[in-house]
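File shown: model07.tsv (TSV, C-alpha atoms and all ligand atoms).
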chain	number	residue	atom	x	y	z
R	152	MET	CA	-2.89	47.36	-9.72
R	153	ARG	CA	-4.25	48.02	-6.25
R	154	VAL	CA	-7.46	46.19	-7.09
R	155	ALA	CA	-5.52	43.18	-8.41
R	156	CYS	CA	-3.50	42.92	-5.15
R	157	TYR	CA	-6.69	43.14	-3.10
R	158	ARG	CA	-8.30	40.39	-5.17
R	159	ALA	CA	-5.20	38.18	-4.74
R	160	LEU	CA	-5.40	38.70	-0.98
R	161	MET	CA	-9.09	37.80	-0.94
R	162	ALA	CA	-8.30	34.53	-2.75
R	163	ALA	CA	-5.44	33.58	-0.44
R	164	ASN	CA	-5.89	30.72	2.01
R	165	PHE	CA	-3.97	31.02	5.26
R	166	ARG	CA	-5.53	27.87	6.72
R	167	ALA	CA	-3.35	24.78	6.67
R	168	GLU	CA	-4.79	21.28	6.41
R	169	LEU	CA	-3.89	19.29	9.52
R	170	VAL	CA	-2.91	15.74	10.31
R	171	ALA	CA	-1.55	14.58	13.65
R	172	CYS	CA	0.06	11.74	15.52
R	173	LEU	CA	-1.51	10.96	18.91
R	174	GLY	CA	0.42	8.93	21.45
R	175	GLN	CA	2.10	8.82	24.85
R	176	PRO	CA	5.07	8.94	24.94
R	177	VAL	CA	5.33	10.60	21.55
R	178	ASP	CA	8.22	13.10	21.78
R	179	GLU	CA	10.67	10.80	19.99
R	180	ASN	CA	8.33	9.75	17.19
R	181	PRO	CA	10.07	10.81	13.94
R	182	THR	CA	7.06	10.48	11.60
R	183	GLY	CA	6.38	14.23	11.55
R	184	ALA	CA	9.80	14.96	10.04
R	185	MET	CA	9.10	12.64	7.13
R	186	GLN	CA	5.50	13.75	6.47
R	187	GLU	CA	6.31	17.48	6.70
R	188	ALA	CA	9.23	17.00	4.30
R	189	ALA	CA	6.82	15.42	1.81
R	190	PHE	CA	4.25	18.24	2.25
R	191	ARG	CA	6.98	20.84	1.63
R	192	ALA	CA	8.39	19.00	-1.38
R	193	MET	CA	4.93	18.92	-2.94
R	194	GLY	CA	4.13	22.55	-2.07
R	195	LEU	CA	1.16	21.53	0.09
R	196	ASN	CA	0.02	23.81	2.89
R	197	TRP	CA	-0.41	20.87	5.25
R	198	ARG	CA	0.98	20.41	8.78
R	199	TYR	CA	1.73	17.25	10.76
R	200	LEU	CA	1.39	17.76	14.52
R	201	THR	CA	2.90	15.40	17.07
R	202	ILE	CA	0.57	15.53	20.09
R	203	GLU	CA	0.84	13.85	23.46
R	204	VAL	CA	-2.51	12.38	24.51
R	205	PRO	CA	-2.82	10.36	27.73
R	206	PRO	CA	-5.07	7.27	27.53
R	207	GLU	CA	-7.87	8.84	29.61
R	208	ARG	CA	-8.12	11.82	27.20
R	209	LEU	CA	-8.26	9.77	23.97
R	210	ARG	CA	-12.04	10.00	23.60
R	211	GLU	CA	-11.92	13.79	23.94
R	212	ALA	CA	-8.95	13.94	21.55
R	213	ILE	CA	-11.01	12.21	18.85
R	214	VAL	CA	-13.86	14.67	19.47
R	215	GLY	CA	-11.21	17.36	18.89
R	216	VAL	CA	-10.03	15.67	15.70
R	217	ARG	CA	-13.60	15.93	14.39
R	218	ALA	CA	-14.08	19.51	15.62
R	219	PHE	CA	-10.81	20.73	14.06
R	220	GLY	CA	-11.57	18.91	10.82
R	221	LEU	CA	-8.24	17.09	10.81
R	222	ARG	CA	-7.65	15.30	7.50
R	223	GLY	CA	-6.26	12.26	9.25
R	224	ILE	CA	-4.28	10.94	12.19
R	225	ASN	CA	-1.68	8.38	13.15
R	226	LEU	CA	-2.05	6.47	16.39
R	227	THR	CA	0.86	5.11	18.33
R	228	ILE	CA	1.38	3.55	21.75
R	229	PRO	CA	-0.95	3.16	23.68
R	230	HIS	CA	-3.88	4.12	21.40
R	231	LYS	CA	-3.84	1.69	18.46
R	232	VAL	CA	-6.55	-0.58	19.90
R	233	ALA	CA	-8.28	1.85	22.25
R	234	VAL	CA	-9.17	4.25	19.41
R	235	MET	CA	-11.31	1.73	17.52
R	236	PRO	CA	-14.66	2.31	19.32
R	237	TYR	CA	-14.45	6.06	18.60
R	238	LEU	CA	-14.23	5.65	14.81
R	239	ASP	CA	-17.08	5.34	12.29
R	240	GLU	CA	-15.65	2.46	10.28
R	241	ILE	CA	-12.71	0.03	10.40
R	242	ALA	CA	-11.08	-1.20	7.19
R	243	PRO	CA	-11.31	-5.01	6.81
R	244	ASP	CA	-7.59	-5.75	7.29
R	245	ALA	CA	-7.37	-3.39	10.29
R	246	ALA	CA	-10.34	-5.31	11.76
R	247	VAL	CA	-8.46	-8.60	11.32
R	248	ILE	CA	-5.30	-7.10	12.84
R	249	GLY	CA	-7.42	-5.63	15.65
R	250	ALA	CA	-5.53	-2.32	15.67
R	251	VAL	CA	-5.54	1.01	13.85
R	252	ASN	CA	-2.40	3.09	13.22
R	253	THR	CA	-3.88	5.48	10.63
R	254	VAL	CA	-7.23	7.26	10.36
R	255	ARG	CA	-8.50	8.96	7.25
R	256	ARG	CA	-11.46	11.29	6.95
R	257	GLU	CA	-14.13	10.72	4.35
R	258	GLY	CA	-16.61	13.58	4.55
R	259	GLY	CA	-17.41	13.68	8.25
R	260	ARG	CA	-16.57	10.02	8.81
R	261	LEU	CA	-13.38	8.75	10.43
R	262	ILE	CA	-12.14	5.47	8.98
R	263	GLY	CA	-9.55	3.32	10.74
R	264	GLU	CA	-6.80	1.69	8.70
R	265	ASN	CA	-3.63	-0.21	9.50
R	266	THR	CA	-0.67	0.58	7.28
R	267	ASP	CA	2.08	-1.15	9.31
R	268	GLY	CA	1.82	-4.55	7.62
R	269	LYS	CA	1.15	-2.97	4.22
R	270	GLY	CA	4.25	-0.81	4.66
R	271	PHE	CA	6.28	-3.91	5.46
R	272	LEU	CA	4.93	-5.73	2.40
R	273	ARG	CA	5.67	-2.80	0.11
R	274	GLY	CA	9.27	-2.80	1.35
R	275	VAL	CA	9.54	-6.53	0.61
R	276	TRP	CA	8.27	-5.94	-2.91
R	277	VAL	CA	9.91	-2.62	-3.79
R	278	ASP	CA	13.15	-2.48	-1.78
R	279	ALA	CA	13.97	-6.21	-1.60
R	280	GLY	CA	12.36	-7.23	-4.91
R	281	VAL	CA	10.75	-10.30	-3.33
R	282	ASN	CA	7.18	-11.54	-3.85
R	283	PRO	CA	5.94	-13.22	-0.65
R	284	GLN	CA	3.25	-15.14	-2.55
R	285	GLY	CA	3.85	-18.88	-2.14
R	286	LYS	CA	6.73	-18.32	0.29
R	287	CYS	CA	7.24	-19.85	3.71
R	288	VAL	CA	7.74	-17.02	6.21
R	289	VAL	CA	8.97	-17.06	9.80
R	290	VAL	CA	7.89	-14.16	12.00
R	291	LEU	CA	9.67	-13.72	15.34
R	292	GLY	CA	7.32	-12.04	17.84
R	293	ALA	CA	3.59	-11.82	18.47
R	294	GLY	CA	3.02	-8.18	19.41
R	295	GLY	CA	1.28	-5.44	17.42
R	296	ALA	CA	3.89	-5.26	14.66
R	297	ALA	CA	3.88	-9.05	14.24
R	298	ARG	CA	0.06	-9.16	14.01
R	299	ALA	CA	0.05	-6.56	11.24
R	300	ILE	CA	2.88	-8.25	9.33
R	301	VAL	CA	1.39	-11.75	9.63
R	302	THR	CA	-2.06	-10.54	8.52
R	303	GLU	CA	-0.79	-8.77	5.40
R	304	LEU	CA	1.53	-11.68	4.50
R	305	ALA	CA	-1.44	-14.03	4.83
R	306	LEU	CA	-3.64	-11.78	2.64
R	307	ALA	CA	-0.77	-11.52	0.11
R	308	GLY	CA	-0.76	-15.31	-0.34
R	309	ALA	CA	2.22	-16.54	1.70
R	310	ALA	CA	2.15	-20.36	1.56
R	311	GLU	CA	2.87	-20.80	5.25
R	312	ILE	CA	3.60	-18.47	8.15
R	313	ARG	CA	5.26	-19.63	11.33
R	314	VAL	CA	4.89	-17.40	14.38
R	315	VAL	CA	7.77	-17.92	16.81
R	316	ASN	CA	7.31	-16.25	20.18
R	317	ARG	CA	8.84	-16.38	23.65
R	318	SER	CA	5.48	-16.55	25.44
R	319	ARG	CA	3.04	-19.21	24.28
R	320	GLU	CA	0.12	-17.29	25.86
R	321	ARG	CA	0.47	-14.51	23.31
R	322	GLY	CA	1.80	-16.36	20.25
R	323	GLU	CA	-0.41	-19.46	20.09
R	324	PRO	CA	-3.84	-17.75	20.23
R	325	MET	CA	-2.64	-15.07	17.80
R	326	ALA	CA	-1.57	-17.65	15.22
R	327	ALA	CA	-4.85	-19.57	15.60
R	328	GLU	CA	-6.98	-16.42	15.39
R	329	LEU	CA	-5.24	-15.02	12.30
R	330	ALA	CA	-5.35	-18.43	10.59
R	331	ALA	CA	-9.12	-18.59	11.20
R	332	LYS	CA	-9.69	-15.01	10.02
R	333	THR	CA	-7.53	-15.12	6.88
R	334	GLY	CA	-7.81	-18.81	5.91
R	335	ALA	CA	-4.01	-18.97	5.62
R	336	LYS	CA	-1.75	-21.66	7.04
R	337	ILE	CA	-0.34	-20.04	10.20
R	338	GLY	CA	1.38	-22.12	12.87
R	339	PHE	CA	2.98	-21.39	16.21
R	340	GLN	CA	6.29	-22.48	17.67
R	341	LYS	CA	7.47	-21.57	21.13
R	342	TRP	CA	10.86	-19.86	21.08
R	343	VAL	CA	13.32	-21.79	23.22
R	344	GLY	CA	17.06	-21.13	22.94
R	345	ALA	CA	18.32	-20.31	19.46
R	346	TYR	CA	15.54	-20.68	16.88
R	347	ALA	CA	16.73	-22.95	14.04
R	348	VAL	CA	15.65	-21.27	10.79
R	349	PRO	CA	14.21	-24.04	8.57
R	350	ARG	CA	15.59	-24.54	5.06
R	351	ALA	CA	12.09	-23.99	3.62
R	352	ALA	CA	11.92	-20.42	4.94
R	353	GLY	CA	12.10	-17.75	2.23
R	354	ILE	CA	11.61	-14.75	4.53
R	355	LEU	CA	12.60	-14.28	8.19
R	356	VAL	CA	11.26	-11.26	10.10
R	357	ASN	CA	12.28	-9.93	13.49
R	358	ALA	CA	9.04	-8.36	14.72
R	359	THR	CA	10.17	-8.32	18.37
R	360	SER	CA	11.63	-5.28	20.07
R	361	ILE	CA	14.99	-7.05	20.54
R	362	GLY	CA	17.76	-4.70	19.36
R	363	LEU	CA	15.69	-1.53	19.74
R	364	TYR	CA	17.56	1.52	21.06
R	365	PRO	CA	19.05	1.72	23.70
R	366	HIS	CA	19.54	-2.08	23.77
R	367	VAL	CA	21.40	-2.04	20.48
R	368	GLU	CA	23.74	-4.91	21.40
R	369	ALA	CA	20.81	-7.34	21.79
R	370	MET	CA	20.07	-9.77	18.96
R	371	PRO	CA	17.30	-12.37	18.49
R	372	PRO	CA	18.86	-15.79	19.19
R	373	VAL	CA	18.79	-17.61	15.84
R	374	ASP	CA	20.61	-20.66	14.48
R	375	TRP	CA	21.33	-20.00	10.81
R	376	THR	CA	22.87	-23.41	10.00
R	377	ALA	CA	20.02	-24.75	7.83
R	378	ALA	CA	18.88	-21.44	6.31
R	379	ALA	CA	18.68	-21.36	2.50
R	380	PRO	CA	21.13	-18.95	0.79
R	381	GLY	CA	18.45	-16.61	-0.64
R	382	LEU	CA	16.62	-16.13	2.70
R	383	LEU	CA	15.41	-12.51	2.98
R	384	VAL	CA	16.13	-11.31	6.52
R	385	CYS	CA	13.97	-8.38	7.70
R	386	ASP	CA	13.88	-6.32	10.89
R	387	ALA	CA	10.93	-4.24	12.09
R	388	VAL	CA	13.24	-2.36	14.47
R	389	PHE	CA	14.09	0.96	12.80
R	390	ASN	CA	16.17	2.58	15.52
R	391	PRO	CA	18.94	1.84	14.78
R	392	PRO	CA	18.27	0.98	11.13
R	393	GLU	CA	21.28	-1.35	11.02
R	394	THR	CA	20.56	-3.72	13.92
R	395	ARG	CA	23.02	-6.36	15.07
R	396	PHE	CA	20.57	-8.93	13.68
R	397	LEU	CA	20.75	-7.45	10.17
R	398	ALA	CA	24.53	-6.97	10.41
R	399	GLU	CA	24.89	-10.66	11.29
R	400	ALA	CA	22.59	-11.74	8.45
R	401	ARG	CA	24.50	-9.51	6.02
R	402	ARG	CA	27.81	-10.95	7.24
R	403	ARG	CA	26.46	-14.42	6.44
R	404	GLY	CA	25.54	-13.32	2.93
R	405	PHE	CA	21.74	-13.09	3.27
R	406	PRO	CA	19.83	-10.22	1.62
R	407	VAL	CA	18.37	-7.87	4.25
R	408	LEU	CA	15.56	-5.33	4.65
R	409	ASP	CA	15.65	-2.77	7.47
R	410	GLY	CA	12.82	-1.33	9.60
R	411	LEU	CA	13.17	2.10	7.99
R	412	SER	CA	11.71	0.64	4.83
R	413	MET	CA	8.54	-0.44	6.70
R	414	LEU	CA	8.32	2.91	8.51
R	415	VAL	CA	8.71	4.95	5.34
R	416	TYR	CA	6.19	2.92	3.33
R	417	GLN	CA	3.54	2.92	6.07
R	418	GLY	CA	3.96	6.71	5.98
R	419	VAL	CA	3.77	6.77	2.18
R	420	ILE	CA	0.49	4.83	2.32
R	421	GLY	CA	-0.82	7.20	5.03
R	422	PHE	CA	0.08	10.22	2.88
R	423	GLN	CA	-1.81	8.68	-0.05
R	424	LEU	CA	-4.86	7.98	2.12
R	425	TRP	CA	-4.95	11.56	3.45
R	426	THR	CA	-4.09	13.58	0.36
R	427	GLY	CA	-5.00	11.27	-2.54
R	428	MET	CA	-1.52	12.03	-3.96
R	429	ASP	CA	1.72	10.07	-4.32
R	430	PRO	CA	4.47	11.56	-2.13
R	431	PRO	CA	8.18	11.71	-3.06
R	432	GLU	CA	9.35	8.53	-1.33
R	433	ASP	CA	13.05	9.39	-1.53
R	434	VAL	CA	12.40	12.74	0.23
R	435	MET	CA	10.53	10.93	3.02
R	436	LYS	CA	13.27	8.33	3.40
R	437	GLN	CA	15.99	10.98	3.55
R	438	ALA	CA	14.07	13.09	6.08
R	439	LEU	CA	13.61	10.06	8.30
R	440	ARG	CA	17.28	9.11	8.09
R	441	SER	CA	18.30	12.67	9.04
R	442	ALA	CA	15.77	12.77	11.91
R	443	LEU	CA	17.04	9.47	13.32
R	444	ALA	CA	20.68	10.52	12.90
R	445	VAL	CA	20.05	13.61	15.03
R	446	ARG	CA	18.65	11.58	17.94
Y	501	LIG	P1	4.98	-5.32	21.40
Y	501	LIG	O1	5.41	-4.85	22.74
Y	501	LIG	O2	3.54	-5.36	21.06
Y	501	LIG	O3	5.58	-6.82	21.17
Y	501	LIG	C1	6.90	-7.11	21.48
Y	501	LIG	C2	7.25	-8.53	21.02
Y	501	LIG	O4	8.65	-8.74	21.24
Y	501	LIG	C3	6.53	-9.64	21.78
Y	501	LIG	O5	6.27	-10.70	20.89
Y	501	LIG	C4	7.56	-10.06	22.83
Y	501	LIG	O6	7.43	-11.41	23.24
Y	501	LIG	C5	8.83	-9.91	22.03
Y	501	LIG	N1	10.00	-9.72	22.88
Y	501	LIG	C6	10.38	-8.58	23.51
Y	501	LIG	N2	11.54	-8.79	24.17
Y	501	LIG	C7	11.89	-10.08	23.96
Y	501	LIG	C8	12.98	-10.88	24.37
Y	501	LIG	N3	13.96	-10.41	25.15
Y	501	LIG	N4	13.04	-12.17	23.94
Y	501	LIG	C9	12.08	-12.67	23.14
Y	501	LIG	N5	11.00	-11.95	22.71
Y	501	LIG	C10	10.92	-10.67	23.12
Y	501	LIG	O7	5.79	-4.42	20.37
Y	501	LIG	P2	5.39	-4.05	18.85
Y	501	LIG	O8	4.92	-5.28	18.17
Y	501	LIG	O9	4.54	-2.85	18.84
Y	501	LIG	O10	6.82	-3.62	18.27
Y	501	LIG	C11	7.83	-4.57	18.00
Y	501	LIG	C12	8.98	-3.88	17.29
Y	501	LIG	O11	8.53	-3.43	16.00
Y	501	LIG	C13	9.48	-2.61	18.02
Y	501	LIG	O12	10.88	-2.58	17.92
Y	501	LIG	C14	8.88	-1.47	17.22
Y	501	LIG	O13	9.69	-0.31	17.27
Y	501	LIG	C15	8.88	-2.07	15.82
Y	501	LIG	N6	7.89	-1.45	14.93
Y	501	LIG	C16	8.36	-0.98	13.75
Y	501	LIG	C17	7.50	-0.40	12.85
Y	501	LIG	C18	8.07	0.11	11.57
Y	501	LIG	O14	7.35	0.80	10.84
Y	501	LIG	N7	9.30	-0.23	11.23
Y	501	LIG	C19	6.06	-0.26	13.14
Y	501	LIG	C20	5.66	-0.82	14.40
Y	501	LIG	C21	6.56	-1.38	15.27
Y	501	LIG	P3	6.40	-11.83	24.43
Y	501	LIG	O15	5.03	-11.93	23.80
Y	501	LIG	O16	6.93	-13.14	24.89
Y	501	LIG	O17	6.49	-10.75	25.48

What does this structure look like when you write it as structure tokens?
Amino acid sequence: MRVACYRALMAANFRAELVACLGQPVDENPTGAMQEAAFRAMGLNWRYLTIEVPPERLREAIVGVRAFGLRGINLTIPHKVAVMPYLDEIAPDAAVIGAVNTVRREGGRLIGENTDGKGFLRGVWVDAGVNPQGKCVVVLGAGGAARAIVTELALAGAAEIRVVNRSRERGEPMAAELAAKTGAKIGFQKWVGAYAVPRAAGILVNATSIGLYPHVEAMPPVDWTAAAPGLLVCDAVFNPPETRFLAEARRRGFPVLDGLSMLVYQGVIGFQLWTGMDPPEDVMKQALRSALAVR
């Protein structure tokens, strides 16, 4: 009996596998709650650490990631672009987007991925039941989230994507660059006053930060008069999940997709990249909802 216990102890593994989110500020990032809930639900001895890293320490932080043998990382503001030179390889779509939000380890190599746009697309398919292929899509905004969403929509075969942005300096070159890199039809329209949603649009996405906590009363100025009845209205803002924009769309009878969907699925894809396993998506969604409710 004593020998058996001793053998069991010898075989035990007290070392957890580690993944981490690096950013600044990062305190309010809820991703850890959702990933740790998935690790627990699957009985995995993995930990997700939320770590504040100032921009000038990012290079050292990635040296640390290699030294500690982290299985992967998430990058958030302000590291999504800055991290790229420190990685060994960039996945093709992340290279088109020009930003990395997830890193996976393959042997000793760190590979940069971008799961934001893929997470959005998965929500469109799974939660909204819509196939973007052949659809005309309007994306409001031209920041990091918009770039990722436009790129994945283009790669998924959207017929036409219209980028609508307040500043021409950011929106016009982005649309031209992504059109050249993906071969998709991507146009730009400067956002002046209320944007009139065209009848041809099948999907409308708010990829701006309008409506983000604490400015929850703000809403992207949109004229819905010509919008087709089946228009899928999506918001990248996840805090709060029910933005004024989505509430207004819902009130007008349009189907909607919230930013939690994108956040959960980008995390699901990250989990798959790190562990090679499929996480319990409902557990992750519930953990995220609880984490955001607490804030
Ligand atoms: P950026 O700062 O990179 O871009 C912000 C965009 O919003 C720009 O296009 C900016 O226009 C536009 N914008 C901001 N304020 C206004 C305004 N008052 N009127 C018109 N346009 C405005 O942010 P990100 O792209 O990183 O993030 C955008 C949103 O997406 C955030 O709410 C973020 O939380 C969310 N997000 C959600 C994710 C998810 O998983 N659900 C993942 C990543 C982001 P301009 O160029 O003219 O300044």

Sorted by chain and rising residue number, list the residues of chain R at most 9 Å from ligand LIG 501 (chain Y) (counting all atoms listed in the file), each with its closest atom pair and distance in Å to one decimal, as CSV.
residue,atom,partner,partner_atom,distance
R:Thr227,CA,Y:LIG501,C20,8.6
R:Ile228,CA,Y:LIG501,O9,7.7
R:Thr266,CA,Y:LIG501,O14,8.8
R:Asp267,CA,Y:LIG501,C19,5.6
R:Gly268,CA,Y:LIG501,C19,8.2
R:Gly270,CA,Y:LIG501,O14,7.1
R:Phe271,CA,Y:LIG501,O14,7.2
R:Leu291,CA,Y:LIG501,O5,7.2
R:Gly292,CA,Y:LIG501,O5,3.5
R:Ala293,CA,Y:LIG501,O5,3.8
R:Gly294,CA,Y:LIG501,O2,3.3
R:Gly295,CA,Y:LIG501,O8,3.7
R:Ala296,CA,Y:LIG501,O8,3.7
R:Ala297,CA,Y:LIG501,O8,5.5
R:Arg298,CA,Y:LIG501,O8,7.5
R:Ala299,CA,Y:LIG501,O8,8.6
R:Val315,CA,Y:LIG501,O5,8.4
R:Asn316,CA,Y:LIG501,O16,5.7
R:Arg317,CA,Y:LIG501,O16,4.0
R:Ser318,CA,Y:LIG501,O16,3.7
R:Arg319,CA,Y:LIG501,O16,7.2
R:Glu320,CA,Y:LIG501,O15,7.6
R:Arg321,CA,Y:LIG501,O15,5.3
R:Gly322,CA,Y:LIG501,O15,6.5
R:Trp342,CA,Y:LIG501,C9,7.6
R:Asn357,CA,Y:LIG501,C12,7.9
R:Ala358,CA,Y:LIG501,O11,5.1
R:Thr359,CA,Y:LIG501,O4,3.3
R:Ser360,CA,Y:LIG501,O12,3.5
R:Ile361,CA,Y:LIG501,N2,5.3
R:Gly362,CA,Y:LIG501,O12,7.3
R:Leu363,CA,Y:LIG501,O12,5.2
R:Tyr364,CA,Y:LIG501,O12,8.4
R:Ala369,CA,Y:LIG501,N3,8.2
R:Met370,CA,Y:LIG501,N3,8.7
R:Pro371,CA,Y:LIG501,N4,6.9
R:Pro372,CA,Y:LIG501,N4,8.3
R:Asp386,CA,Y:LIG501,N7,7.6
R:Ala387,CA,Y:LIG501,N7,4.4
R:Val388,CA,Y:LIG501,O12,4.2
R:Phe389,CA,Y:LIG501,N7,5.2
R:Asn390,CA,Y:LIG501,O13,7.3
R:Asp409,CA,Y:LIG501,N7,7.8
R:Gly410,CA,Y:LIG501,N7,4.0
R:Leu411,CA,Y:LIG501,N7,5.6
R:Ser412,CA,Y:LIG501,N7,6.9
R:Met413,CA,Y:LIG501,O14,4.5
R:Leu414,CA,Y:LIG501,O14,3.3
R:Val415,CA,Y:LIG501,O14,7.0
R:Tyr416,CA,Y:LIG501,O14,7.9
R:Gln417,CA,Y:LIG501,O14,6.5
R:Gly418,CA,Y:LIG501,O14,8.4

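Proximity ranking of R:Gln284, R:Gln340, R:Ser441, R:Gln175 relative to Glu207 of chain R places R:Gln175 first, based on all atoms listed in the file.
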
Which of R:Pro391, R:Gly421, R:Gly381, R:Pro236 sits closest to Pro406 of chain R [using all atoms listed in the file]: R:Gly381

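By only C-alpha atoms, and with residues fewer than 3 positions from Lys231 of chain R along its chain excluded, the set lying at most 9 Å from it is R:Gly174, R:Asn225, R:Leu226, R:Thr227, R:Ile228, R:Val234, R:Met235, R:Gly249, R:Ala250, R:Val251, R:Asn252, R:Thr253, R:Gly295.
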
Distance in Å - atom CA of Arg191 of chain R versus atom CA of Arg255 of chain R: 20.3 Å

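Atom CA of Val434 of chain R is found 29.3 Å from atom CA of Gly258 of chain R.
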
Exercise: Asp278 of chain R partners within 8 Å, all atoms listed in the file, chain neighbours under 4 positions left out, as a ChimeraX atom specification: /R:273-274,408,412

Would you pick out the contacts of Gly353 of chain R at 9 Å or less, using all atoms listed in the file, so that residues sharing its chain but fewer than 3 positions from it are not included, and give the list as a PDB file with C-alpha atoms, in the frame of the given file?
ATOM      1  CA  PRO R 283       5.940 -13.220  -0.650  1.00  0.00           C
ATOM      2  CA  LYS R 286       6.730 -18.320   0.290  1.00  0.00           C
ATOM      3  CA  CYS R 287       7.240 -19.850   3.710  1.00  0.00           C
ATOM      4  CA  VAL R 288       7.740 -17.020   6.210  1.00  0.00           C
ATOM      5  CA  VAL R 289       8.970 -17.060   9.800  1.00  0.00           C
ATOM      6  CA  ARG R 350      15.590 -24.540   5.060  1.00  0.00           C
ATOM      7  CA  ALA R 378      18.880 -21.440   6.310  1.00  0.00           C
ATOM      8  CA  ALA R 379      18.680 -21.360   2.500  1.00  0.00           C
ATOM      9  CA  GLY R 381      18.450 -16.610  -0.640  1.00  0.00           C
ATOM     10  CA  LEU R 382      16.620 -16.130   2.700  1.00  0.00           C
ATOM     11  CA  LEU R 383      15.410 -12.510   2.980  1.00  0.00           C
ATOM     12  CA  VAL R 384      16.130 -11.310   6.520  1.00  0.00           C
TER      13      VAL R 384
END

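Atom CA of Asp429 of chain R lies 29.0 Å from atom CA of Pro229 of chain R.
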
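For the choices R:Leu355, R:Ile262, R:Cys385, R:Met185, the atom-to-atom distance to Ala398 of chain R is smallest for R:Cys385 when using all atoms listed in the file.
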
Residue neighbourhood Asn282 of chain R, 9 Å, all atoms listed in the file, exclusion window fewer than 3 positions, as a PyMOL selection string: chain R and resi 272+275-276+279+285-286+307+309

Residues within 12 Å of Pro176 of chain R, only C-alpha atoms, excluding chain neighbours under 3 positions, as a list in words: Cys172, Leu173, Glu179, Asn180, Thr201, Ile202, Glu203, Val204, Pro205, Pro206, Leu226, Thr227, Ile228, Pro229 and His230 of chain R

Protein/DNA/RNA residues near (10.1, 14.8, 5.4), cut 7 Å, all atoms listed in the file, as a ChimeraX atom specification: /R:184-189,434-435,438-439

Starting from the incomplete input, reconstruct N, CA, C and O atoms of segment 383-394 of chain R and report them as a PDB file, in the frame of the given file.
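After the write, part_35.pdb holds the following:
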ATOM      1  N   LEU R 383      15.484 -13.967   2.760  1.00  0.00           N
ATOM      2  CA  LEU R 383      15.410 -12.510   2.980  1.00  0.00           C
ATOM      3  C   LEU R 383      15.229 -12.268   4.478  1.00  0.00           C
ATOM      4  O   LEU R 383      14.250 -12.734   5.064  1.00  0.00           O
ATOM      5  N   VAL R 384      16.172 -11.558   5.082  1.00  0.00           N
ATOM      6  CA  VAL R 384      16.130 -11.310   6.520  1.00  0.00           C
ATOM      7  C   VAL R 384      15.687  -9.861   6.769  1.00  0.00           C
ATOM      8  O   VAL R 384      16.324  -8.921   6.298  1.00  0.00           O
ATOM      9  N   CYS R 385      14.567  -9.712   7.504  1.00  0.00           N
ATOM     10  CA  CYS R 385      13.970  -8.380   7.700  1.00  0.00           C
ATOM     11  C   CYS R 385      13.930  -8.044   9.187  1.00  0.00           C
ATOM     12  O   CYS R 385      13.777  -8.933  10.030  1.00  0.00           O
ATOM     13  N   ASP R 386      14.021  -6.763   9.502  1.00  0.00           N
ATOM     14  CA  ASP R 386      13.880  -6.320  10.890  1.00  0.00           C
ATOM     15  C   ASP R 386      12.844  -5.211  10.958  1.00  0.00           C
ATOM     16  O   ASP R 386      12.886  -4.276  10.150  1.00  0.00           O
ATOM     17  N   ALA R 387      11.906  -5.330  11.900  1.00  0.00           N
ATOM     18  CA  ALA R 387      10.930  -4.240  12.090  1.00  0.00           C
ATOM     19  C   ALA R 387      11.548  -3.102  12.886  1.00  0.00           C
ATOM     20  O   ALA R 387      11.117  -1.954  12.779  1.00  0.00           O
ATOM     21  N   VAL R 388      12.576  -3.416  13.679  1.00  0.00           N
ATOM     22  CA  VAL R 388      13.240  -2.360  14.470  1.00  0.00           C
ATOM     23  C   VAL R 388      13.859  -1.356  13.494  1.00  0.00           C
ATOM     24  O   VAL R 388      14.582  -1.734  12.576  1.00  0.00           O
ATOM     25  N   PHE R 389      13.542  -0.058  13.711  1.00  0.00           N
ATOM     26  CA  PHE R 389      14.090   0.960  12.800  1.00  0.00           C
ATOM     27  C   PHE R 389      15.084   1.883  13.490  1.00  0.00           C
ATOM     28  O   PHE R 389      15.705   2.714  12.835  1.00  0.00           O
ATOM     29  N   ASN R 390      15.214   1.752  14.797  1.00  0.00           N
ATOM     30  CA  ASN R 390      16.170   2.580  15.520  1.00  0.00           C
ATOM     31  C   ASN R 390      17.035   1.682  16.401  1.00  0.00           C
ATOM     32  O   ASN R 390      16.579   1.249  17.453  1.00  0.00           O
ATOM     33  N   PRO R 391      18.247   1.343  15.976  1.00  0.00           N
ATOM     34  CA  PRO R 391      18.940   1.840  14.780  1.00  0.00           C
ATOM     35  C   PRO R 391      18.503   1.088  13.520  1.00  0.00           C
ATOM     36  O   PRO R 391      18.050  -0.059  13.629  1.00  0.00           O
ATOM     37  N   PRO R 392      18.656   1.692  12.352  1.00  0.00           N
ATOM     38  CA  PRO R 392      18.270   0.980  11.130  1.00  0.00           C
ATOM     39  C   PRO R 392      19.130  -0.264  10.883  1.00  0.00           C
ATOM     40  O   PRO R 392      18.625  -1.284  10.440  1.00  0.00           O
ATOM     41  N   GLU R 393      20.421  -0.170  11.179  1.00  0.00           N
ATOM     42  CA  GLU R 393      21.280  -1.350  11.020  1.00  0.00           C
ATOM     43  C   GLU R 393      21.409  -2.025  12.378  1.00  0.00           C
ATOM     44  O   GLU R 393      22.266  -1.681  13.196  1.00  0.00           O
ATOM     45  N   THR R 394      20.527  -3.005  12.637  1.00  0.00           N
ATOM     46  CA  THR R 394      20.560  -3.720  13.920  1.00  0.00           C
ATOM     47  C   THR R 394      21.677  -4.764  13.873  1.00  0.00           C
ATOM     48  O   THR R 394      22.177  -5.111  12.802  1.00  0.00           O
TER      49      THR R 394
END
